[in-house]
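Text of run35.pdb, listed as PDB, C-alpha atoms:
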ATOM      1  CA  MET A   1     -18.915  -6.485 -16.265
ATOM      2  CA  VAL A   2     -18.665  -6.860 -12.487
ATOM      3  CA  THR A   3     -17.316 -10.365 -13.095
ATOM      4  CA  ARG A   4     -14.698  -9.015 -15.485
ATOM      5  CA  VAL A   5     -13.646  -6.353 -12.961
ATOM      6  CA  LEU A   6     -13.202  -8.980 -10.265
ATOM      7  CA  THR A   7     -11.440 -11.501 -12.537
ATOM      8  CA  VAL A   8      -8.990  -8.941 -13.903
ATOM      9  CA  SER A   9      -8.306  -7.540 -10.405
ATOM     10  CA  ILE A  10      -7.606 -10.986  -9.003
ATOM     11  CA  LEU A  11      -5.435 -12.175 -11.900
ATOM     12  CA  ALA A  12      -3.462  -8.925 -12.181
ATOM     13  CA  GLY A  13      -3.036  -8.710  -8.404
ATOM     14  CA  LEU A  14      -1.960 -12.328  -8.147
ATOM     15  CA  LEU A  15       0.658 -11.886 -10.869
ATOM     16  CA  ALA A  16       2.018  -8.549  -9.617
ATOM     17  CA  GLY A  17       1.775  -9.664  -5.990
ATOM     18  CA  LEU A  18       3.839 -12.789  -6.621
ATOM     19  CA  ILE A  19       6.542 -10.833  -8.441
ATOM     20  CA  VAL A  20       6.681  -8.113  -5.800
ATOM     21  CA  ALA A  21       6.538 -10.593  -2.902
ATOM     22  CA  THR A  22       9.658 -12.193  -4.378
ATOM     23  CA  LEU A  23      11.318  -8.772  -4.599
ATOM     24  CA  GLN A  24      10.359  -8.046  -0.989
ATOM     25  CA  HIS A  25      11.719 -11.360   0.167
ATOM     26  CA  LEU A  26      15.053 -10.463  -1.431
ATOM     27  CA  THR A  27      15.207  -6.762  -0.498
ATOM     28  CA  THR A  28      13.050  -5.251   2.258
ATOM     29  CA  THR A  29      12.308  -8.279   4.458
ATOM     30  CA  PRO A  30      15.994  -9.041   5.203
ATOM     31  CA  LEU A  31      16.368  -5.422   6.375
ATOM     32  CA  ILE A  32      13.260  -5.746   8.585
ATOM     33  CA  LEU A  33      14.701  -8.917  10.164
ATOM     34  CA  LYS A  34      18.013  -7.157  10.727
ATOM     35  CA  ALA A  35      16.277  -4.156  12.310
ATOM     36  CA  GLU A  36      14.398  -6.481  14.652
ATOM     37  CA  THR A  37      17.658  -7.781  16.071
ATOM     38  CA  TYR A  38      18.597  -4.197  17.048
ATOM     39  CA  GLU A  39      15.114  -3.673  18.392
ATOM     40  CA  SER A  40      15.079  -6.760  20.588
ATOM     41  CA  ALA A  41      18.648  -6.092  21.754
ATOM     42  CA  LEU A  42      17.354  -2.726  22.905
ATOM     43  CA  ALA A  43      14.272  -4.221  24.529
ATOM     44  CA  ALA A  44      15.883  -7.116  26.371
ATOM     45  CA  PRO A  45      18.029  -5.422  29.057
ATOM     46  CA  MET A  46      15.471  -2.899  30.303
ATOM     47  CA  PRO A  47      11.878  -3.653  29.360
ATOM     48  CA  ALA A  48      10.588  -0.798  31.601
ATOM     49  CA  HIS A  49      12.078   1.675  29.139
ATOM     50  CA  ALA A  50       9.622   0.483  26.584
ATOM     51  CA  ALA A  51       6.623   1.749  28.510
ATOM     52  CA  PHE A  52       6.629   5.203  26.895
ATOM     53  CA  ASP A  53       4.255   6.292  24.186
ATOM     54  CA  GLY A  54       3.353   3.039  22.536
ATOM     55  CA  GLY A  55       6.923   1.798  22.555
ATOM     56  CA  ALA A  56       5.704  -1.170  24.545
ATOM     57  CA  ARG A  57       3.425  -2.288  21.786
ATOM     58  CA  ILE A  58       6.202  -1.998  19.246
ATOM     59  CA  ILE A  59       8.171  -4.561  21.146
ATOM     60  CA  LEU A  60       5.218  -6.875  21.782
ATOM     61  CA  ALA A  61       4.349  -6.872  18.149
ATOM     62  CA  HIS A  62       7.763  -8.118  17.162
ATOM     63  CA  GLY A  63       9.989  -9.652  19.798
ATOM     64  CA  GLY A  64      12.267 -11.052  17.130
ATOM     65  CA  HIS A  65      13.822 -13.198  19.832
ATOM     66  CA  ASP A  66      11.448 -15.488  21.628
ATOM     67  CA  HIS A  67      12.344 -14.391  25.120
ATOM     68  CA  ALA A  68      12.477 -10.668  24.583
ATOM     69  CA  ALA A  69      10.233  -8.442  26.656
ATOM     70  CA  GLY A  70       6.629  -9.279  25.933
ATOM     71  CA  ALA A  71       7.081 -13.010  25.547
ATOM     72  CA  GLU A  72       4.573 -13.325  28.385
ATOM     73  CA  HIS A  73       1.827 -12.142  26.053
ATOM     74  CA  ASP A  74       0.843 -15.034  23.845
ATOM     75  CA  GLU A  75      -0.283 -13.121  20.841
ATOM     76  CA  TRP A  76      -0.246 -14.935  17.546
ATOM     77  CA  LYS A  77       2.256 -14.075  14.885
ATOM     78  CA  PRO A  78       3.610 -16.055  11.969
ATOM     79  CA  GLN A  79       6.698 -18.065  12.808
ATOM     80  CA  ASP A  80       9.922 -16.866  11.257
ATOM     81  CA  GLY A  81      10.761 -18.729   8.086
ATOM     82  CA  ALA A  82       8.306 -20.275   5.665
ATOM     83  CA  GLN A  83       5.180 -19.265   7.593
ATOM     84  CA  ARG A  84       6.202 -15.619   7.817
ATOM     85  CA  LEU A  85       7.109 -15.597   4.122
ATOM     86  CA  LEU A  86       3.722 -17.109   3.298
ATOM     87  CA  PHE A  87       1.751 -14.502   5.260
ATOM     88  CA  THR A  88       3.841 -11.624   3.918
ATOM     89  CA  SER A  89       3.352 -12.863   0.359
ATOM     90  CA  ALA A  90      -0.392 -13.279   0.921
ATOM     91  CA  ALA A  91      -0.633  -9.742   2.316
ATOM     92  CA  THR A  92       1.311  -8.353  -0.651
ATOM     93  CA  ILE A  93      -0.896 -10.232  -3.131
ATOM     94  CA  GLY A  94      -3.975  -8.935  -1.288
ATOM     95  CA  THR A  95      -2.660  -5.383  -1.535
ATOM     96  CA  ALA A  96      -1.918  -5.843  -5.243
ATOM     97  CA  ILE A  97      -5.467  -7.117  -5.908
ATOM     98  CA  GLY A  98      -6.755  -4.099  -3.980
ATOM     99  CA  PHE A  99      -4.604  -1.703  -6.038
ATOM    100  CA  ALA A 100      -5.751  -3.409  -9.260
ATOM    101  CA  ALA A 101      -9.400  -2.944  -8.239
ATOM    102  CA  LEU A 102      -8.800   0.724  -7.349
ATOM    103  CA  LEU A 103      -7.090   1.312 -10.717
ATOM    104  CA  LEU A 104     -10.027  -0.271 -12.544
ATOM    105  CA  ALA A 105     -12.485   1.773 -10.474
ATOM    106  CA  GLY A 106     -10.664   4.952 -11.488
ATOM    107  CA  MET A 107     -10.352   4.104 -15.166
ATOM    108  CA  LEU A 108     -13.958   2.916 -15.465
ATOM    109  CA  ALA A 109     -15.292   5.956 -13.609
ATOM    110  CA  ALA A 110     -13.298   8.234 -15.921
ATOM    111  CA  GLY A 111     -14.503   6.283 -18.979
ATOM    112  CA  ASP A 112     -10.935   5.697 -20.134
ATOM    113  CA  THR A 113      -9.765   3.205 -22.709
ATOM    114  CA  ILE A 114      -8.083   0.455 -20.721
ATOM    115  CA  ASP A 115      -4.850  -0.579 -22.408
ATOM    116  CA  PRO A 116      -1.319  -1.059 -21.069
ATOM    117  CA  ARG A 117      -0.298   2.537 -21.791
ATOM    118  CA  THR A 118      -3.259   4.221 -20.061
ATOM    119  CA  ALA A 119      -3.092   1.748 -17.194
ATOM    120  CA  LEU A 120       0.605   2.514 -16.656
ATOM    121  CA  ILE A 121      -0.156   6.249 -16.427
ATOM    122  CA  TRP A 122      -2.848   5.486 -13.841
ATOM    123  CA  GLY A 123      -0.419   3.201 -12.027
ATOM    124  CA  ALA A 124       2.276   5.886 -11.941
ATOM    125  CA  CYS A 125      -0.279   8.334 -10.509
ATOM    126  CA  GLY A 126      -1.328   5.652  -8.012
ATOM    127  CA  PHE A 127       2.254   5.422  -6.827
ATOM    128  CA  LEU A 128       2.568   9.209  -6.566
ATOM    129  CA  ALA A 129      -0.662   9.403  -4.557
ATOM    130  CA  PHE A 130      -0.335   6.301  -2.369
ATOM    131  CA  GLY A 131       3.435   5.918  -2.142
ATOM    132  CA  LEU A 132       5.537   8.972  -2.765
ATOM    133  CA  ALA A 133       3.333  11.774  -1.403
ATOM    134  CA  PRO A 134       2.500  10.069   1.928
ATOM    135  CA  GLY A 135       6.138   8.860   2.104
ATOM    136  CA  MET A 136       7.437  12.439   2.007
ATOM    137  CA  GLY A 137       5.686  13.141   5.303
ATOM    138  CA  LEU A 138       5.856   9.693   6.848
ATOM    139  CA  ALA A 139       9.067   8.143   5.575
ATOM    140  CA  PRO A 140       8.813   4.348   5.267
ATOM    141  CA  GLU A 141      10.402   3.138   8.468
ATOM    142  CA  LEU A 142      11.915   0.003   9.905
ATOM    143  CA  PRO A 143      10.582  -1.615  13.093
ATOM    144  CA  GLY A 144      11.844   0.176  16.172
ATOM    145  CA  ALA A 145      11.697   3.699  14.791
ATOM    146  CA  ALA A 146      10.027   6.319  16.950
ATOM    147  CA  SER A 147       6.731   7.547  15.574
ATOM    148  CA  ALA A 148       3.594   9.447  16.511
ATOM    149  CA  ALA A 149       0.304   7.728  17.449
ATOM    150  CA  LEU A 150      -0.688   5.184  14.802
ATOM    151  CA  GLN A 151      -4.184   6.553  14.183
ATOM    152  CA  ALA A 152      -2.904  10.085  13.635
ATOM    153  CA  ARG A 153      -0.402   8.776  11.093
ATOM    154  CA  GLN A 154      -2.950   6.583   9.332
ATOM    155  CA  LEU A 155      -5.334   9.530   9.094
ATOM    156  CA  TRP A 156      -2.642  11.810   7.626
ATOM    157  CA  TRP A 157      -1.536   9.061   5.233
ATOM    158  CA  LEU A 158      -5.097   8.531   3.950
ATOM    159  CA  ALA A 159      -5.861  12.245   3.693
ATOM    160  CA  THR A 160      -2.617  12.808   1.768
ATOM    161  CA  ALA A 161      -3.271   9.892  -0.596
ATOM    162  CA  ILE A 162      -6.807  11.087  -1.364
ATOM    163  CA  ALA A 163      -5.782  14.752  -1.709
ATOM    164  CA  THR A 164      -2.922  13.833  -4.064
ATOM    165  CA  ALA A 165      -5.174  11.581  -6.152
ATOM    166  CA  ILE A 166      -7.812  14.318  -6.483
ATOM    167  CA  GLY A 167      -5.134  16.916  -7.234
ATOM    168  CA  LEU A 168      -3.512  14.804  -9.955
ATOM    169  CA  PHE A 169      -6.889  14.083 -11.543
ATOM    170  CA  LEU A 170      -7.858  17.767 -11.595
ATOM    171  CA  PHE A 171      -4.470  18.798 -12.983
ATOM    172  CA  LEU A 172      -4.357  16.172 -15.744
ATOM    173  CA  ARG A 173      -8.017  16.288 -16.789
ATOM    174  CA  TYR A 174      -8.998  19.950 -16.817
ATOM    175  CA  GLU A 175      -7.639  22.836 -18.842
ATOM    176  CA  ALA A 176      -8.868  25.813 -16.810
ATOM    177  CA  PRO A 177      -5.884  27.541 -15.155
ATOM    178  CA  TRP A 178      -7.733  28.075 -11.877
ATOM    179  CA  LEU A 179      -8.421  24.337 -11.659
ATOM    180  CA  LYS A 180      -4.739  23.577 -12.225
ATOM    181  CA  LEU A 181      -3.853  26.043  -9.451
ATOM    182  CA  LEU A 182      -6.473  24.463  -7.209
ATOM    183  CA  ALA A 183      -4.993  21.030  -7.995
ATOM    184  CA  ILE A 184      -1.523  22.185  -6.907
ATOM    185  CA  ALA A 185      -2.949  23.665  -3.708
ATOM    186  CA  VAL A 186      -4.785  20.411  -2.913
ATOM    187  CA  ILE A 187      -1.594  18.395  -3.476
ATOM    188  CA  LEU A 188       0.463  20.737  -1.251
ATOM    189  CA  LEU A 189      -2.119  21.129   1.526
ATOM    190  CA  PRO A 190      -1.329  17.939   3.533
ATOM    191  CA  HIS A 191       2.371  18.835   3.510
ATOM    192  CA  LEU A 192       1.620  22.373   4.748
ATOM    193  CA  VAL A 193      -0.453  20.867   7.567
ATOM    194  CA  GLY A 194       2.426  18.484   8.229
ATOM    195  CA  ALA A 195       2.587  14.801   9.124
ATOM    196  CA  PRO A 196       2.477  13.759  12.787
ATOM    197  CA  HIS A 197       5.951  12.935  14.095
ATOM    198  CA  ALA A 198       7.392  11.572  17.313
ATOM    199  CA  PRO A 199       8.902  14.254  19.575
ATOM    200  CA  THR A 200      12.276  12.503  19.816
ATOM    201  CA  PRO A 201      13.956   9.847  17.687
ATOM    202  CA  GLU A 202      14.675   6.610  19.500
ATOM    203  CA  SER A 203      15.602   3.987  16.925
ATOM    204  CA  LYS A 204      18.851   2.134  17.509
ATOM    205  CA  VAL A 205      18.858   0.877  13.937
ATOM    206  CA  PRO A 206      21.804   2.411  12.051
ATOM    207  CA  ALA A 207      20.813   5.341   9.847
ATOM    208  CA  GLU A 208      22.429   3.699   6.805
ATOM    209  CA  LEU A 209      20.145   0.698   7.178
ATOM    210  CA  ALA A 210      17.049   2.873   7.648
ATOM    211  CA  ALA A 211      17.911   5.056   4.648
ATOM    212  CA  HIS A 212      18.481   2.004   2.458
ATOM    213  CA  PHE A 213      15.150   0.584   3.581
ATOM    214  CA  THR A 214      13.275   3.822   2.869
ATOM    215  CA  ALA A 215      14.610   4.016  -0.683
ATOM    216  CA  LEU A 216      13.986   0.304  -1.298
ATOM    217  CA  SER A 217      10.453   0.309   0.012
ATOM    218  CA  LEU A 218       9.446   3.277  -2.179
ATOM    219  CA  GLY A 219      10.999   1.534  -5.166
ATOM    220  CA  ILE A 220       9.176  -1.682  -4.356
ATOM    221  CA  GLN A 221       5.884   0.167  -4.050
ATOM    222  CA  ALA A 222       6.513   1.805  -7.420
ATOM    223  CA  ALA A 223       7.168  -1.656  -8.872
ATOM    224  CA  LEU A 224       3.947  -2.981  -7.338
ATOM    225  CA  TRP A 225       1.859  -0.173  -8.855
ATOM    226  CA  LEU A 226       3.482  -0.402 -12.281
ATOM    227  CA  VAL A 227       3.408  -4.194 -12.599
ATOM    228  CA  THR A 228      -0.184  -4.279 -11.338
ATOM    229  CA  ALA A 229      -1.172  -1.541 -13.783
ATOM    230  CA  PHE A 230       0.549  -3.213 -16.717
ATOM    231  CA  ALA A 231      -1.180  -6.509 -15.897
ATOM    232  CA  VAL A 232      -4.565  -4.753 -15.619
ATOM    233  CA  GLY A 233      -3.982  -2.955 -18.930
ATOM    234  CA  THR A 234      -3.049  -6.203 -20.649
ATOM    235  CA  LEU A 235      -5.695  -8.483 -19.138
ATOM    236  CA  TRP A 236      -8.695  -6.143 -19.500
ATOM    237  CA  PRO A 237      -8.641  -5.938 -23.332
ATOM    238  CA  TRP A 238      -7.925  -9.673 -23.517
ATOM    239  CA  MET A 239     -10.926 -10.477 -21.308
ATOM    240  CA  SER A 240     -13.084  -8.032 -23.302
ATOM    241  CA  ARG A 241     -12.160  -9.738 -26.581
ATOM    242  CA  ARG A 242     -12.916 -13.127 -25.092
ATOM    243  CA  ALA A 243     -16.289 -11.893 -23.841
ATOM    244  CA  ALA A 244     -17.063 -10.504 -27.301
ATOM    245  CA  ALA A 245     -16.096 -13.739 -29.053
ATOM    246  CA  HIS A 246     -18.568 -15.807 -27.036
TER     247      HIS A 246
ATOM    248  CA  MET B   1     -23.176  -1.958 -27.024
ATOM    249  CA  ASN B   2     -19.936  -3.182 -28.409
ATOM    250  CA  THR B   3     -18.185  -5.257 -25.793
ATOM    251  CA  ALA B   4     -15.217  -5.794 -28.063
ATOM    252  CA  SER B   5     -14.306  -2.138 -27.768
ATOM    253  CA  VAL B   6     -11.782  -1.541 -25.034
ATOM    254  CA  SER B   7     -13.004   2.002 -24.508
ATOM    255  CA  THR B   8     -15.087   1.901 -21.379
ATOM    256  CA  SER B   9     -17.009   5.112 -22.080
ATOM    257  CA  SER B  10     -19.106   3.230 -24.645
ATOM    258  CA  LEU B  11     -20.513   0.957 -21.948
ATOM    259  CA  SER B  12     -23.887   1.745 -20.415
ATOM    260  CA  VAL B  13     -23.812   4.082 -17.435
ATOM    261  CA  SER B  14     -25.567   1.700 -15.061
ATOM    262  CA  GLU B  15     -23.127  -1.086 -15.905
ATOM    263  CA  ARG B  16     -20.206   1.219 -15.291
ATOM    264  CA  VAL B  17     -21.648   2.402 -11.977
ATOM    265  CA  LYS B  18     -22.059  -1.199 -10.840
ATOM    266  CA  ALA B  19     -18.533  -2.133 -11.936
ATOM    267  CA  VAL B  20     -16.973   0.935 -10.324
ATOM    268  CA  THR B  21     -18.851   0.281  -7.070
ATOM    269  CA  ALA B  22     -17.747  -3.355  -6.987
ATOM    270  CA  ALA B  23     -14.137  -2.407  -7.747
ATOM    271  CA  LEU B  24     -14.127   0.293  -5.065
ATOM    272  CA  ILE B  25     -15.550  -2.043  -2.421
ATOM    273  CA  VAL B  26     -13.043  -4.798  -3.218
ATOM    274  CA  GLY B  27     -10.124  -2.355  -3.459
ATOM    275  CA  ILE B  28     -10.856  -0.473  -0.261
ATOM    276  CA  ALA B  29     -11.634  -3.634   1.737
ATOM    277  CA  LEU B  30      -8.387  -5.347   0.683
ATOM    278  CA  VAL B  31      -6.102  -2.348   1.122
ATOM    279  CA  TYR B  32      -7.739  -1.586   4.483
ATOM    280  CA  THR B  33      -7.214  -5.163   5.684
ATOM    281  CA  THR B  34      -3.612  -5.518   4.584
ATOM    282  CA  GLY B  35      -2.520  -1.957   5.317
ATOM    283  CA  PHE B  36      -4.653  -0.500   8.088
ATOM    284  CA  ALA B  37      -6.735  -2.979  10.125
ATOM    285  CA  ALA B  38      -6.001  -2.536  13.839
ATOM    286  CA  SER B  39      -6.462  -6.219  14.780
ATOM    287  CA  THR B  40      -3.248  -7.522  16.307
ATOM    288  CA  ASN B  41      -3.407 -10.795  14.405
ATOM    289  CA  VAL B  42      -3.959  -9.081  11.068
ATOM    290  CA  HIS B  43      -1.169  -6.631  11.888
ATOM    291  CA  ASN B  44       1.255  -9.408  12.740
ATOM    292  CA  ALA B  45       0.369 -11.420   9.647
ATOM    293  CA  ALA B  46       0.760  -8.432   7.321
ATOM    294  CA  HIS B  47       3.631  -6.850   9.243
ATOM    295  CA  ASP B  48       6.467  -7.150   6.743
ATOM    296  CA  THR B  49       4.183  -6.073   3.894
ATOM    297  CA  ARG B  50       3.065  -2.987   5.804
ATOM    298  CA  HIS B  51       6.659  -1.961   6.427
ATOM    299  CA  GLY B  52       7.805  -2.992   2.961
ATOM    300  CA  LEU B  53       5.099  -0.984   1.188
ATOM    301  CA  ALA B  54       5.400   2.082   3.410
ATOM    302  CA  PHE B  55       2.023   1.829   5.158
ATOM    303  CA  PRO B  56       2.012   3.417   8.632
ATOM    304  CA  CYS B  57       2.770   0.566  11.036
ATOM    305  CA  HIS B  58       2.398   0.379  14.810
TER     306      HIS B  58
END

Using structure tokens, write down the structure that the file contains.
Amino acid sequence: MVTRVLTVSILAGLLAGLIVATLQHLTTTPLILKAETYESALAAPMPAHAAFDGGARIILAHGGHDHAAGAEHDEWKPQDGAQRLLFTSAATIGTAIGFAALLLAGMLAAGDTIDPRTALIWGACGFLAFGLAPGMGLAPELPGAASAALQARQLWWLATAIATAIGLFLFLRYEAPWLKLLAIAVILLPHLVGAPHAPTPESKVPAELAAHFTALSLGIQAALWLVTAFAVGTLWPWMSRRAAAH
Amino acid sequence: MNTASVSTSSLSVSERVKAVTAALIVGIALVYTTGFAASTNVHNAAHDTRHGLAFPCH
């Protein structure tokens, strides 16, 4: 069955990843490229300004224009154009395979019937836990936005995703009222603690662009979870029937 | 054991434990690499995906 888990994860992730990578190429990536022009315009005239709280690394990591501040550091990054598209698509497919494997892990651990309908419910919960809940504290942001230390944000993101997943599972699977109350408390807890934020905003990217990006990226993540889940729910029974026929 | 059944609760416990463990390892390793790994090269390669899927980035 390990083979089936891996095969279904890879096939479902490949399919969903390709579809969503195309969506990203048409929606979020153009906004990222646009934001980088604001970012490098900001960085070019006074590089010293970038020395505060990790701002320097933000610029090094992007430098949309070749001779922006940080061009002296020869760190590798995919070249704009086909190479960048290829790496972004590969990363999205990798994420989709990962999500597919996590969905299967959850459904198998719970002993659920794996069909498109159940898988879609799991996928919707996956989006709530890994997309929407962390996104309410740490809004999806364009390059150049001010933010707190990366590790603090990653930690909060992970804790929120896990807490929301546990909370949803408790709420949907158990009837006892105290468990439902506990589930709500667990879901709310990370938001009561609060996500780490930068002390002052510093992005020069227009708010309209950033808002559009935030909405798009949550929608794209929802699409990734749902398409992945649907593919898992369709491929698993098909693979099981094939295994039974042999 | 009826492998034709799509219900996974009918599968043996040890098989399910193995499958769940494999799925968790693959899932966590992939999502960690694309969404969280601190390596600069990995970050740069996955950059647009991290932003596009709302992972915390730089």

Just the residues within 9 Å of B:His47, please, counting all atoms listed in the file, with nothing from its chain fewer than 6 positions along; format it as number ranges by chain.
A: 61, 87-88, 91; B: 34-35, 57

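Here the question is which of B:His51, B:Lys18, B:His43, B:His58 gets nearest to A:Val2 using all atoms listed in the file, and that residue is B:Lys18.
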
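Distance check against A:Cys125 using all atoms listed in the file: of A:Leu42, A:Ala215, A:Leu26, A:Ala229, the minimum falls on A:Ala229.
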
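Here the PyMOL selection byres ((chain B) within 6 of (chain A)) catches exactly these residues: Thr3, Ala4, Val6, Ser7, Thr8, Ser9, Ala19, Val20, Ala23, Leu24, Gly27, Leu30, Val31, Thr34, Asn44, Ala45, Ala46, Asp48, Thr49, Gly52, Leu53, Ala54, Pro56 and His58 of chain B.
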
Please compute the atom CA of B:Ala29-atom CA of A:Arg117 distance, one decimal, in Å.
26.8 Å

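Between atom CA of A:Thr7 and atom CA of A:Gly123 the separation is 18.4 Å.
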
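Rounded to one decimal, atom CA of A:Pro206 and atom CA of B:Phe55 lie 21.0 Å from each other.
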